[in-house]
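One structure is given here, and the rest of the page talks about it.
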Amino acid sequence: MRTKPPSPIANRAEARREQILEAALDVFSEKGYHEAGIADIAGKLNIGHGTCYRYFKNKLDILHALVDRILLGLLEVVRKESPEKSNSIEEYRNQIKNIGLELFQLFSKDPRQAKIVFFEAMALDETVKRKVQLGIDKSARLTELYLKNGVQKGFLRKELDTRIASQAVNAMMFEGIRINLSSKVDSKFAKRWLEEMPTLMLEGMGKR
């Protein structure tokens with residue numbers, strides 16, 4: 001059975017919703033979530049308050065939608081590589097670098113997203129913090145598949161605690177992104193981080 005394409009009205013509604021989210025991303029990252037208001041978001045688009053409320057219940061609802069969108073992009077990066085692809089420690093090292101580079105680029109291209117996830121969201125409403133934490137946990141579970149592959153193929157230690165190690169890998173990756181965006185570091189910081197982090201990690205996890 002052929003699926004009907006979205007109607008022009010549905011397309012316009014989705015386009016308007018995306019415009020509101022983009023404006024909110026600007027406003028929240030510039031002013032901070034607490035200082036920002038629906039009026040600021042509507043003002044960015046030269047629309048009335050009521051238009052925003054047609055698509056979102058309130059400011060918190062907008063923040064939830066933004067966090068959903070950002071976390072989806074993050075998880076798509078982690079899923080890009082195949083966990084079963086690596087057959088050696090060097091191949092896995094390259095996977096870490098590839099994923100890390102894509103994550104750095106994701107947030108470097110749009111620092112507003114990093115500000116929302118790594119700074120604003122974690123100091124806000126408990127439901128938002130929980131959503132971010134669940135997204136980070138899901139990323140760690142995906143990372144764990146790579147580690148289990150290494151254990152099964154023998155290039156990572158058979159006694160490796162893959163759950164703890166996956167959380168440590170994610171923590172190191174996200175901390176690098178946070179430092180890169182919040183500090184005045186040198187332009188080669190990401191490259192240096194992505195060279196040092198796998199070495200630091202794999203020397204402790206590589207089969208001896």
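Labeling convention for the structure tokens: chains A, B, ... as they appear, residues from 1 per chain, ligands from 1 in order of appearance.
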
Please tabulate, as a Markdown table, the residues of region 16-47 of chain A that come within 7 Å of region 55-71 of chain A, each with its closest pair of atoms and the distance in Å to one decimal, counting only C-alpha atoms and ordering rows by chain, then residue number upward.
```
| residue | atom | partner | partner_atom | distance |
| --- | --- | --- | --- | --- |
| A:Arg17 | CA | A:Tyr55 | CA | 6.3 |
| A:Leu21 | CA | A:Leu66 | CA | 6.5 |
| A:Ile38 | CA | A:Lys59 | CA | 6.3 |
```

Original post:
Could you name the residues that touch Ile96 (chain A) at 12 Å or less, counting only C-alpha atoms, but leaving out those on the same chain fewer than 4 positions away, as number ranges by chain?
Top reply: A: 77-78, 80-83, 86, 89-92, 100-103, 143, 146-147, 166, 169-170, 172-173, 193-199, 201-202

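Comparing the minimum interatomic distances between Phe189 (chain A) and each of A:Lys97, A:Phe104, A:Ile136, A:Lys129, counting only C-alpha atoms, we find that A:Phe104 sits nearest.
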
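Here the question is which of A:Arg54, A:Arg163, A:Arg192, A:Arg12 gets nearest to Asp137 (chain A) using only C-alpha atoms, and that residue is A:Arg163.
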
**OP:** Tell me, as an MDAnalysis selection string, which residues lie within 10 Å of Val117 (chain A), counting only C-alpha atoms; anything in the same chain fewer than 2 positions away does not count.
**Re:** chainID A and resid 66:67 70:71 112:115 119:123 128:129 132:133 178

For all heavy atoms, I'd like the residues from the last selection saved as a short mmCIF file (atom, residue, chain, number, x, y, z; two decimals), in the first residue's frame.
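Dumped to out-v3.cif:
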```cif
data_model
loop_
_atom_site.label_atom_id
_atom_site.label_comp_id
_atom_site.auth_asym_id
_atom_site.auth_seq_id
_atom_site.Cartn_x
_atom_site.Cartn_y
_atom_site.Cartn_z
N LEU A 66 14.39 20.49 21.77
CA LEU A 66 15.77 20.78 21.36
C LEU A 66 16.73 19.69 21.83
O LEU A 66 17.58 19.22 21.07
CB LEU A 66 16.22 22.12 21.95
CG LEU A 66 15.82 23.39 21.20
CD1 LEU A 66 16.28 24.61 21.99
CD2 LEU A 66 16.42 23.40 19.81
N VAL A 67 16.59 19.28 23.09
CA VAL A 67 17.47 18.24 23.63
C VAL A 67 17.28 16.94 22.86
O VAL A 67 18.25 16.24 22.53
CB VAL A 67 17.20 18.04 25.14
CG1 VAL A 67 17.90 16.79 25.66
CG2 VAL A 67 17.67 19.26 25.92
N ILE A 70 19.17 17.28 19.55
CA ILE A 70 20.62 17.25 19.73
C ILE A 70 21.12 15.85 20.06
O ILE A 70 22.12 15.37 19.49
CB ILE A 70 21.05 18.25 20.82
CG1 ILE A 70 20.74 19.69 20.38
CG2 ILE A 70 22.54 18.12 21.14
CD1 ILE A 70 20.80 20.72 21.51
N LEU A 71 20.41 15.17 20.96
CA LEU A 71 20.83 13.81 21.34
C LEU A 71 20.70 12.85 20.17
O LEU A 71 21.51 11.93 20.02
CB LEU A 71 20.00 13.32 22.52
CG LEU A 71 20.25 14.03 23.86
CD1 LEU A 71 19.30 13.50 24.93
CD2 LEU A 71 21.71 13.85 24.31
N ARG A 112 26.11 26.16 19.78
CA ARG A 112 24.86 26.37 20.52
C ARG A 112 24.36 25.04 21.09
O ARG A 112 23.86 24.98 22.22
CB ARG A 112 23.78 26.97 19.62
CG ARG A 112 24.11 28.31 19.00
CD ARG A 112 23.04 28.71 18.00
NE ARG A 112 22.86 27.69 16.96
CZ ARG A 112 21.85 27.65 16.09
NH1 ARG A 112 20.92 28.59 16.12
NH2 ARG A 112 21.76 26.70 15.19
N GLN A 113 24.50 23.98 20.31
CA GLN A 113 24.01 22.68 20.76
C GLN A 113 24.79 22.19 21.98
O GLN A 113 24.19 21.67 22.93
CB GLN A 113 24.14 21.64 19.63
CG GLN A 113 23.29 21.94 18.42
CD GLN A 113 23.27 20.76 17.46
OE1 GLN A 113 22.61 19.76 17.71
NE2 GLN A 113 24.01 20.88 16.38
N ALA A 114 26.10 22.37 21.94
CA ALA A 114 26.93 21.95 23.07
C ALA A 114 26.58 22.75 24.31
O ALA A 114 26.54 22.21 25.42
CB ALA A 114 28.41 22.13 22.73
N LYS A 115 26.30 24.05 24.14
CA LYS A 115 25.96 24.89 25.29
C LYS A 115 24.67 24.40 25.94
O LYS A 115 24.55 24.37 27.17
CB LYS A 115 25.82 26.34 24.85
CG LYS A 115 25.73 27.30 26.02
CD LYS A 115 25.92 28.74 25.58
CE LYS A 115 25.91 29.66 26.80
NZ LYS A 115 26.01 31.07 26.43
N PHE A 119 25.94 22.44 29.24
CA PHE A 119 25.93 23.51 30.25
C PHE A 119 24.51 23.83 30.74
O PHE A 119 24.21 23.68 31.91
CB PHE A 119 26.60 24.77 29.70
CG PHE A 119 28.03 24.54 29.31
CD1 PHE A 119 28.38 24.28 27.99
CD2 PHE A 119 29.04 24.54 30.26
CE1 PHE A 119 29.70 24.05 27.63
CE2 PHE A 119 30.36 24.30 29.91
CZ PHE A 119 30.69 24.06 28.59
N GLU A 120 23.63 24.26 29.83
CA GLU A 120 22.29 24.69 30.23
C GLU A 120 21.45 23.54 30.79
O GLU A 120 20.92 23.63 31.89
CB GLU A 120 21.55 25.32 29.03
CG GLU A 120 22.06 26.69 28.65
CD GLU A 120 21.75 27.75 29.70
OE1 GLU A 120 20.65 27.73 30.27
OE2 GLU A 120 22.62 28.59 29.95
N ALA A 121 21.32 22.46 30.02
CA ALA A 121 20.38 21.39 30.38
C ALA A 121 20.70 20.75 31.72
O ALA A 121 19.79 20.41 32.49
CB ALA A 121 20.34 20.33 29.28
N MET A 122 21.97 20.55 32.01
CA MET A 122 22.35 19.83 33.22
C MET A 122 22.13 20.65 34.49
O MET A 122 22.25 20.13 35.60
CB MET A 122 23.81 19.37 33.14
CG MET A 122 24.06 18.37 32.01
SD MET A 122 22.92 16.97 32.01
CE MET A 122 23.61 15.99 33.34
N ALA A 123 21.79 21.93 34.35
CA ALA A 123 21.52 22.77 35.53
C ALA A 123 20.05 23.17 35.60
O ALA A 123 19.69 24.08 36.33
CB ALA A 123 22.40 24.02 35.47
N VAL A 128 14.62 17.28 32.24
CA VAL A 128 15.59 17.54 31.17
C VAL A 128 16.92 16.89 31.50
O VAL A 128 17.55 16.24 30.64
CB VAL A 128 15.78 19.06 30.94
CG1 VAL A 128 16.81 19.32 29.86
CG2 VAL A 128 14.46 19.72 30.57
N LYS A 129 17.37 17.04 32.74
CA LYS A 129 18.64 16.42 33.16
C LYS A 129 18.58 14.91 32.98
O LYS A 129 19.53 14.29 32.52
CB LYS A 129 18.91 16.76 34.63
CG LYS A 129 19.33 18.19 34.85
CD LYS A 129 19.26 18.59 36.30
CE LYS A 129 20.26 17.86 37.16
NZ LYS A 129 20.24 18.37 38.56
N VAL A 132 18.91 14.03 29.27
CA VAL A 132 20.30 14.12 28.82
C VAL A 132 21.10 12.93 29.33
O VAL A 132 21.88 12.32 28.59
CB VAL A 132 20.94 15.45 29.28
CG1 VAL A 132 22.44 15.45 28.98
CG2 VAL A 132 20.27 16.63 28.60
N GLN A 133 20.90 12.59 30.60
CA GLN A 133 21.64 11.46 31.18
C GLN A 133 21.28 10.16 30.48
O GLN A 133 22.15 9.32 30.22
CB GLN A 133 21.35 11.35 32.68
CG GLN A 133 22.27 10.37 33.40
CD GLN A 133 23.74 10.72 33.21
OE1 GLN A 133 24.17 11.83 33.52
NE2 GLN A 133 24.52 9.78 32.70
N ARG A 178 33.69 19.44 25.84
CA ARG A 178 33.34 20.52 26.77
C ARG A 178 34.50 21.49 26.95
O ARG A 178 34.32 22.71 26.88
CB ARG A 178 32.92 19.93 28.12
CG ARG A 178 32.33 20.95 29.07
CD ARG A 178 32.22 20.39 30.47
NE ARG A 178 33.53 20.15 31.05
CZ ARG A 178 34.31 21.11 31.56
NH1 ARG A 178 33.93 22.38 31.54
NH2 ARG A 178 35.49 20.82 32.06
#
```

**OP:** Please return as number ranges by chain: the residues of region 44-134 of chain A that backbone DSSP assigns to alpha helix (DSSP H).
**Re:** A: 44-45, 49-55, 59-80, 89-109, 111-114, 126-134
